[in-house]
>>> print(open('model-v5.csv').read())   # CSV, C-alpha atoms
chain,number,residue,atom,x,y,z
Q,4,MET,CA,17.3,-7.1,-11.9
Q,5,LYS,CA,15.9,-4.1,-13.8
Q,6,HIS,CA,12.8,-3.2,-11.8
Q,7,PHE,CA,14.0,-4.4,-8.3
Q,8,ILE,CA,14.4,-1.2,-6.4
Q,9,GLN,CA,16.6,-1.2,-3.3
Q,10,PHE,CA,15.5,0.9,-0.3
Q,11,LYS,CA,17.6,4.0,0.2
Q,12,LYS,CA,18.1,3.0,3.9
Q,13,PRO,CA,18.9,-0.4,5.4
Q,14,ILE,CA,15.9,-2.5,6.3
Q,15,ASP,CA,15.6,-4.2,9.6
Q,16,ARG,CA,14.4,-7.8,8.8
Q,17,SER,CA,12.8,-8.0,12.2
Q,18,THR,CA,10.2,-5.5,11.0
Q,19,LEU,CA,9.0,-7.8,8.1
Q,20,PRO,CA,5.4,-8.9,8.4
Q,21,LYS,CA,4.8,-12.6,9.0
Q,22,LYS,CA,1.8,-12.6,6.5
Q,23,PHE,CA,1.1,-10.9,3.2
Q,24,THR,CA,-1.3,-8.0,2.8
Q,25,PHE,CA,-4.9,-8.8,2.2
Q,26,PRO,CA,-5.3,-6.5,-0.8
Q,27,PHE,CA,-9.0,-5.7,-0.3
Q,28,ARG,CA,-8.8,-4.4,3.2
Q,29,TYR,CA,-5.5,-3.3,4.8
Q,30,THR,CA,-3.5,-0.8,6.7
Q,31,PRO,CA,-0.2,-0.1,4.8
Q,32,HIS,CA,2.8,-1.7,6.4
Q,33,PRO,CA,5.6,0.7,7.5
Q,34,LEU,CA,7.8,-0.7,4.7
Q,35,CYS,CA,5.1,0.1,2.1
Q,36,LEU,CA,5.0,3.6,3.5
Q,37,ILE,CA,8.7,4.0,3.0
Q,38,ALA,CA,8.5,2.6,-0.6
Q,39,THR,CA,5.5,4.8,-1.3
Q,40,GLU,CA,7.4,7.9,-0.1
Q,41,GLU,CA,10.3,7.0,-2.4
Q,42,ILE,CA,8.1,6.5,-5.4
Q,43,GLN,CA,6.1,9.7,-4.8
Q,44,GLU,CA,9.4,11.6,-4.6
Q,45,HIS,CA,10.3,10.1,-8.0
Q,46,LEU,CA,6.9,11.2,-9.4
Q,47,LYS,CA,7.6,14.7,-8.3
Q,48,THR,CA,11.2,15.0,-9.6
Q,49,GLN,CA,11.5,12.7,-12.7
Q,50,THR,CA,12.0,14.2,-16.1
Q,51,GLU,CA,11.7,11.0,-18.2
Q,52,TRP,CA,8.1,11.5,-19.2
Q,53,ASN,CA,5.2,14.0,-19.0
Q,54,HIS,CA,1.8,13.2,-17.7
Q,55,ASN,CA,-0.9,15.6,-16.6
Q,56,PHE,CA,-2.1,14.4,-13.1
Q,57,GLY,CA,-4.0,17.7,-12.6
Q,58,LEU,CA,-1.6,18.8,-9.9
Q,59,GLU,CA,0.0,21.7,-11.7
Q,60,ASP,CA,-1.7,24.7,-13.3
Q,61,GLY,CA,-1.2,25.2,-17.1
Q,62,GLN,CA,0.1,21.6,-17.8
Q,63,GLU,CA,-0.8,20.4,-21.3
Q,64,GLY,CA,-2.9,17.3,-22.0
Q,65,ALA,CA,-6.0,15.7,-20.5
Q,66,ILE,CA,-6.0,15.4,-16.7
Q,67,ILE,CA,-5.7,11.8,-15.8
Q,68,GLY,CA,-5.0,10.7,-12.2
Q,69,LYS,CA,-3.5,7.2,-11.6
Q,70,MET,CA,-3.4,4.4,-9.1
Q,71,PHE,CA,0.1,3.4,-8.3
Q,72,GLY,CA,1.2,0.4,-6.3
Q,73,VAL,CA,4.3,-0.8,-4.4
Q,74,LEU,CA,5.2,-4.4,-3.6
Q,75,VAL,CA,7.9,-5.1,-1.1
Q,76,VAL,CA,9.7,-8.3,-2.1
Q,77,GLU,CA,12.7,-10.5,-1.2
Q,78,ASN,CA,15.0,-11.7,-4.0
Q,79,GLU,CA,16.8,-15.0,-4.2
Q,80,HIS,CA,19.8,-13.5,-2.5
Q,81,GLY,CA,17.8,-12.6,0.6
Q,82,GLU,CA,17.8,-8.9,-0.3
Q,83,ILE,CA,14.8,-6.8,0.5
Q,84,GLY,CA,13.6,-4.2,-2.0
Q,85,TYR,CA,10.4,-3.3,-3.8
Q,86,LEU,CA,8.6,-3.1,-7.1
Q,87,ALA,CA,6.4,-0.2,-8.4
Q,88,ALA,CA,3.6,-0.2,-10.9
Q,89,PHE,CA,0.9,2.1,-12.3
Q,90,SER,CA,-2.6,1.3,-13.5
Q,91,GLY,CA,-3.3,1.3,-17.2
Q,92,LYS,CA,-1.0,3.5,-19.3
Q,93,LEU,CA,1.2,6.4,-18.1
Q,94,ALA,CA,2.1,9.3,-20.4
Q,95,TYR,CA,0.4,7.2,-23.2
Q,96,GLY,CA,2.9,4.4,-22.8
Q,97,ASN,CA,3.4,1.1,-20.9
Q,98,HIS,CA,7.1,1.1,-20.3
Q,99,HIS,CA,8.9,3.5,-17.9
Q,100,SER,CA,12.2,2.8,-16.2
Q,101,GLN,CA,11.0,2.8,-12.5
Q,102,PHE,CA,7.9,0.6,-13.1
Q,103,VAL,CA,7.3,-3.0,-14.0
Q,104,PRO,CA,5.9,-3.8,-17.5
Q,105,PRO,CA,2.3,-4.8,-18.2
Q,106,VAL,CA,1.2,-8.4,-18.1
Q,107,PHE,CA,0.5,-8.1,-21.8
Q,108,ASP,CA,1.6,-5.1,-23.9
Q,109,MET,CA,-1.3,-4.2,-26.2
Q,110,LEU,CA,0.7,-1.2,-27.5
Q,111,THR,CA,3.4,-3.2,-29.2
Q,112,GLU,CA,4.3,-1.6,-32.5
Q,113,ASP,CA,2.5,-3.4,-35.4
Q,114,GLY,CA,0.7,-5.5,-32.8
Q,115,PHE,CA,-2.8,-6.8,-33.5
Q,116,PHE,CA,-4.5,-4.5,-31.1
Q,117,SER,CA,-3.1,-1.3,-32.7
Q,118,LYS,CA,-4.0,-2.6,-36.1
Q,119,GLY,CA,-7.5,-3.6,-34.9
Q,120,MET,CA,-8.1,-0.2,-33.5
Q,121,MET,CA,-7.0,1.4,-36.8
Q,122,GLY,CA,-9.4,-0.9,-38.6
Q,123,LEU,CA,-12.3,0.1,-36.3
Q,124,LYS,CA,-11.5,3.8,-36.9
Q,125,ARG,CA,-11.7,3.2,-40.7
Q,126,MET,CA,-15.0,1.5,-40.3
Q,127,THR,CA,-16.3,4.4,-38.2
Q,128,ASP,CA,-15.1,6.9,-40.8
Q,129,ASP,CA,-16.8,4.9,-43.5
Q,130,LEU,CA,-20.0,4.8,-41.4
Q,131,ASP,CA,-19.9,8.6,-41.0
Q,132,LYS,CA,-19.6,9.1,-44.8
Q,133,LEU,CA,-22.6,6.8,-45.4
Q,134,LYS,CA,-24.7,8.6,-42.8
Q,135,LYS,CA,-23.9,11.9,-44.4
Q,136,ALA,CA,-24.8,10.5,-47.9
Q,137,HIS,CA,-28.1,9.2,-46.5
Q,138,GLU,CA,-28.9,12.6,-44.9
Q,139,ASP,CA,-28.2,14.3,-48.3
Q,140,CYS,CA,-31.3,12.9,-49.9
Q,141,GLU,CA,-32.2,15.8,-52.2
Q,142,HIS,CA,-31.0,14.0,-55.4
Q,143,LYS,CA,-31.5,10.4,-54.4
Q,144,THR,CA,-34.4,8.0,-55.2
Q,145,GLN,CA,-36.1,6.0,-52.5
Q,146,ASP,CA,-34.4,2.9,-53.7
Q,147,GLU,CA,-31.0,4.6,-53.3
Q,148,LEU,CA,-31.8,5.7,-49.8
Q,149,ASP,CA,-33.0,2.3,-48.8
Q,150,ALA,CA,-29.8,0.8,-50.2
Q,151,LEU,CA,-27.7,3.3,-48.2
Q,152,LEU,CA,-29.7,2.6,-45.0
Q,153,SER,CA,-29.1,-1.2,-45.5
Q,154,GLU,CA,-25.4,-0.6,-46.0
Q,155,ILE,CA,-25.3,1.6,-42.8
Q,156,GLN,CA,-27.0,-1.1,-40.7
Q,157,GLN,CA,-24.7,-3.8,-42.0
Q,158,LEU,CA,-21.6,-1.8,-41.3
Q,159,LYS,CA,-22.8,-1.1,-37.8
Q,160,LYS,CA,-23.2,-4.9,-37.2
Q,161,ASP,CA,-19.8,-5.5,-38.7
Q,162,ARG,CA,-18.1,-2.9,-36.6
Q,163,LYS,CA,-19.7,-4.2,-33.4
Q,164,GLN,CA,-18.6,-7.8,-34.2
Q,165,THR,CA,-15.1,-6.6,-35.1
Q,166,SER,CA,-14.9,-4.8,-31.8
Q,167,ILE,CA,-16.1,-7.9,-29.9
Q,168,ASN,CA,-13.6,-10.1,-31.7
Q,169,LEU,CA,-10.7,-7.7,-31.0
Q,170,GLN,CA,-11.6,-7.6,-27.3
Q,171,GLN,CA,-11.8,-11.4,-27.1
Q,172,ARG,CA,-8.4,-11.7,-28.7
Q,173,LEU,CA,-7.0,-9.2,-26.3
Q,174,PHE,CA,-8.4,-11.2,-23.3
Q,175,ASP,CA,-6.9,-14.4,-24.8
Q,176,ASN,CA,-3.4,-12.9,-24.6
Q,177,TYR,CA,-3.6,-12.2,-20.8
Q,178,HIS,CA,-2.2,-15.1,-18.8
Q,179,PHE,CA,-1.4,-14.8,-15.1
Q,180,LEU,CA,1.0,-16.6,-12.8
Q,181,ASN,CA,0.2,-17.5,-9.2
Q,182,SER,CA,2.5,-18.2,-6.3
Q,183,LEU,CA,2.6,-22.0,-7.1
Q,184,GLY,CA,4.0,-21.3,-10.6
Q,185,GLU,CA,0.7,-22.1,-12.3
Q,186,THR,CA,-0.7,-20.1,-15.3
Q,187,LYS,CA,-4.3,-19.3,-16.1
Q,188,SER,CA,-5.9,-17.2,-18.8
Q,189,LEU,CA,-8.0,-14.2,-18.1
Q,190,MET,CA,-11.1,-15.9,-19.5
Q,191,ASP,CA,-10.5,-19.0,-17.4
Q,192,ILE,CA,-10.1,-16.8,-14.3
Q,193,PHE,CA,-13.5,-15.2,-15.0
Q,194,SER,CA,-15.0,-18.7,-15.7
Q,195,GLY,CA,-15.7,-18.0,-19.4
Q,196,LYS,CA,-17.7,-14.8,-18.7
Q,197,LYS,CA,-16.6,-11.5,-20.3
Q,198,PRO,CA,-14.1,-9.8,-18.0
Q,199,PRO,CA,-14.6,-6.1,-17.4
Q,200,SER,CA,-12.7,-3.8,-19.8
Q,201,GLY,CA,-9.2,-3.1,-18.4
Q,202,SER,CA,-8.9,-6.3,-16.4
Q,203,GLY,CA,-5.3,-7.2,-15.7
Q,204,GLU,CA,-4.2,-3.6,-16.2
Q,205,CYS,CA,-4.3,-2.5,-12.6
Q,206,ALA,CA,-1.2,-2.0,-10.6
Q,207,ALA,CA,-1.5,-5.1,-8.3
Q,208,PRO,CA,-1.7,-7.8,-11.0
Q,209,LYS,CA,1.3,-6.2,-12.7
Q,210,LEU,CA,3.3,-6.2,-9.5
Q,211,LEU,CA,2.6,-9.9,-8.6
Q,212,GLN,CA,3.1,-11.1,-12.2
Q,213,TYR,CA,6.6,-9.5,-12.3
Q,214,ALA,CA,7.4,-10.9,-8.8
Q,215,PHE,CA,6.4,-14.5,-9.7
Q,216,LEU,CA,8.2,-14.3,-13.1
Q,217,HIS,CA,11.4,-13.3,-11.4
Q,218,LYS,CA,11.3,-15.5,-8.3
Q,219,LEU,CA,10.7,-12.7,-5.9
Q,220,ARG,CA,8.8,-13.4,-2.6
Q,221,PRO,CA,6.0,-10.9,-2.0
Q,222,ILE,CA,6.1,-9.4,1.5
Q,223,CYS,CA,3.6,-6.6,1.6
Q,224,MET,CA,1.8,-4.3,-0.8
Q,225,ALA,CA,-0.1,-1.0,-1.0
Q,226,GLU,CA,-1.8,1.1,-3.7
Q,227,PHE,CA,-2.3,4.9,-3.7
Q,228,TRP,CA,-4.0,7.5,-5.9
Q,229,TRP,CA,-1.8,10.2,-7.5
Q,230,GLY,CA,-3.5,13.2,-9.1
Q,231,LYS,CA,-6.7,15.2,-9.2
Q,232,SER,CA,-9.8,13.4,-7.9
Q,233,PRO,CA,-11.8,11.8,-10.8
Q,234,VAL,CA,-15.5,12.9,-11.3
Q,235,SER,CA,-16.8,9.3,-11.3
Q,236,GLU,CA,-15.0,8.0,-8.1
Q,237,ILE,CA,-14.0,9.2,-4.7
Q,238,ARG,CA,-10.2,9.2,-5.0
Q,239,LYS,CA,-8.0,11.7,-3.1
Q,240,HIS,CA,-4.5,12.6,-4.0
Q,241,GLY,CA,-1.9,10.6,-2.0
Q,242,ASN,CA,-4.5,8.3,-0.2
Q,243,PHE,CA,-4.2,4.5,-0.1
Q,244,TYR,CA,-7.0,2.3,-1.5
Q,245,PRO,CA,-7.8,-1.4,-1.6
Q,246,ALA,CA,-7.7,-3.4,-4.8
Q,247,CYS,CA,-10.9,-3.1,-6.9
Q,248,GLN,CA,-13.5,-5.8,-6.6
Q,249,GLU,CA,-14.9,-5.9,-10.1
Q,250,LYS,CA,-11.6,-6.4,-12.1
Q,251,CYS,CA,-9.0,-7.4,-9.5
Q,252,ALA,CA,-10.8,-9.7,-7.0
Q,253,PRO,CA,-11.0,-12.7,-9.3
Q,254,ILE,CA,-7.4,-12.1,-10.7
Q,255,LEU,CA,-5.7,-11.6,-7.3
Q,256,SER,CA,-7.7,-14.4,-5.7
Q,257,TYR,CA,-6.0,-16.7,-8.2
Q,258,MET,CA,-2.6,-15.1,-8.1
Q,259,LEU,CA,-2.3,-15.3,-4.3
Q,260,VAL,CA,-3.3,-18.9,-4.0
Q,261,GLY,CA,-1.0,-20.5,-1.4
Q,262,ILE,CA,0.1,-17.2,0.2
Q,263,GLU,CA,-0.9,-16.7,3.8
Q,264,MET,CA,-2.5,-13.3,4.2
Q,265,ILE,CA,-3.4,-11.0,7.1
Q,266,SER,CA,-7.1,-11.6,7.9
>>> encode(input="model-v5.csv", output="structure tokens")
Amino acid sequence: MKHFIQFKKPIDRSTLPKKFTFPFRYTPHPLCLIATEEIQEHLKTQTEWNHNFGLEDGQEGAIIGKMFGVLVVENEHGEIGYLAAFSGKLAYGNHHSQFVPPVFDMLTEDGFFSKGMMGLKRMTDDLDKLKKAHEDCEHKTQDELDALLSEIQQLKKDRKQTSINLQQRLFDNYHFLNSLGETKSLMDIFSGKKPPSGSGECAAPKLLQYAFLHKLRPICMAEFWWGKSPVSEIRKHGNFYPACQEKCAPILSYMLVGIEMIS
């Protein structure tokens, strides 16, 4: 299996936890610590892609720290290994050899999301041109200015609605598996309310989705921050953190139905 990573050292099955990690409050299990050390070593030494985590001076690109996750699993042959994932995009992409794929790949070439974003950019460019024309009022009559203003207002409404429609279509393409083999859409998980932007893109849902798709039994899980601390949040390089409440709580609560967790 492509993303099933075997531990570098043999695993003593007697050390396996009897219950799964409660993702919103936990102490990382020793197996998760081992998996984390292996993934962190990979992050330090890999040459497949370039991403500026803000850990090295003089590196090009915007500084973007990332949450990473590890999920220790058992495959159908009784082998113990682990999966790894990152939140959002890494190095401007969704697919990297050591990490599981996204639940839904919005960056697919010629996909609707990429086309939709290009359409929104064209609308923004057109809007900027109209605003500039309206500001350059020296040789225009009042009627011409009023017509331009009306066109600007209409284009703003159209752009807003186009953005809403694109976001809705994106949400409609996210479907999550749970431990019972059931599937539910993102909108259904959030009971028809608009999910927060980025819902389903965190590491934990990616890990569980891949595990359930490939008949892997989840054993324990942990997530850690890698990179410079962001301005808006308290995140320290290398530290472990619980799953987020706003985006992940509804999704993980559904995905982990039927799995006994440590209280």
>>> residues_near_point(input="model-v5.csv", point="(-13.1, -6.8, -18.0)", cutoff="12 Å", atoms="only C-alpha atoms", output="PDB file with C-alpha atoms, in the coordinates of the input")
ATOM      1  CA  GLN Q 170     -11.600  -7.600 -27.300  1.00  0.00           C
ATOM      2  CA  GLN Q 171     -11.800 -11.400 -27.100  1.00  0.00           C
ATOM      3  CA  LEU Q 173      -7.000  -9.200 -26.300  1.00  0.00           C
ATOM      4  CA  PHE Q 174      -8.400 -11.200 -23.300  1.00  0.00           C
ATOM      5  CA  ASP Q 175      -6.900 -14.400 -24.800  1.00  0.00           C
ATOM      6  CA  TYR Q 177      -3.600 -12.200 -20.800  1.00  0.00           C
ATOM      7  CA  LEU Q 189      -8.000 -14.200 -18.100  1.00  0.00           C
ATOM      8  CA  MET Q 190     -11.100 -15.900 -19.500  1.00  0.00           C
ATOM      9  CA  ILE Q 192     -10.100 -16.800 -14.300  1.00  0.00           C
ATOM     10  CA  PHE Q 193     -13.500 -15.200 -15.000  1.00  0.00           C
ATOM     11  CA  GLY Q 195     -15.700 -18.000 -19.400  1.00  0.00           C
ATOM     12  CA  LYS Q 196     -17.700 -14.800 -18.700  1.00  0.00           C
ATOM     13  CA  LYS Q 197     -16.600 -11.500 -20.300  1.00  0.00           C
ATOM     14  CA  PRO Q 198     -14.100  -9.800 -18.000  1.00  0.00           C
ATOM     15  CA  PRO Q 199     -14.600  -6.100 -17.400  1.00  0.00           C
ATOM     16  CA  SER Q 200     -12.700  -3.800 -19.800  1.00  0.00           C
ATOM     17  CA  GLY Q 201      -9.200  -3.100 -18.400  1.00  0.00           C
ATOM     18  CA  SER Q 202      -8.900  -6.300 -16.400  1.00  0.00           C
ATOM     19  CA  GLY Q 203      -5.300  -7.200 -15.700  1.00  0.00           C
ATOM     20  CA  GLU Q 204      -4.200  -3.600 -16.200  1.00  0.00           C
ATOM     21  CA  CYS Q 205      -4.300  -2.500 -12.600  1.00  0.00           C
ATOM     22  CA  CYS Q 247     -10.900  -3.100  -6.900  1.00  0.00           C
ATOM     23  CA  GLN Q 248     -13.500  -5.800  -6.600  1.00  0.00           C
ATOM     24  CA  GLU Q 249     -14.900  -5.900 -10.100  1.00  0.00           C
ATOM     25  CA  LYS Q 250     -11.600  -6.400 -12.100  1.00  0.00           C
ATOM     26  CA  CYS Q 251      -9.000  -7.400  -9.500  1.00  0.00           C
ATOM     27  CA  ALA Q 252     -10.800  -9.700  -7.000  1.00  0.00           C
ATOM     28  CA  PRO Q 253     -11.000 -12.700  -9.300  1.00  0.00           C
ATOM     29  CA  ILE Q 254      -7.400 -12.100 -10.700  1.00  0.00           C
TER      30      ILE Q 254
END
>>> closest_residue(input="model-v5.csv", among="Q:Leu19, Q:Ala88, Q:Leu169, Q:Ala65", to="Q:Met121", atoms="all atoms listed in the file")
Q:Leu169
>>> atom_distance(input="model-v5.csv", atom1="atom CA of Q:Gly57", atom2="atom CA of Q:Lys69")
10.6 Å
>>> residues_near_point(input="model-v5.csv", point="(17.0, 2.6, -3.5)", cutoff="10 Å", atoms="only C-alpha atoms", output="PyMOL selection string")
chain Q and resi 7-13+38+41-42+84-85
>>> atom_distance(input="model-v5.csv", atom1="atom CA of Q:Ile155", atom2="atom CA of Q:Lys135")
10.5 Å
>>> closest_residue(input="model-v5.csv", among="Q:His137, Q:His217, Q:His98, Q:Lys187", to="Q:Val76", atoms="all atoms listed in the file")
Q:His217
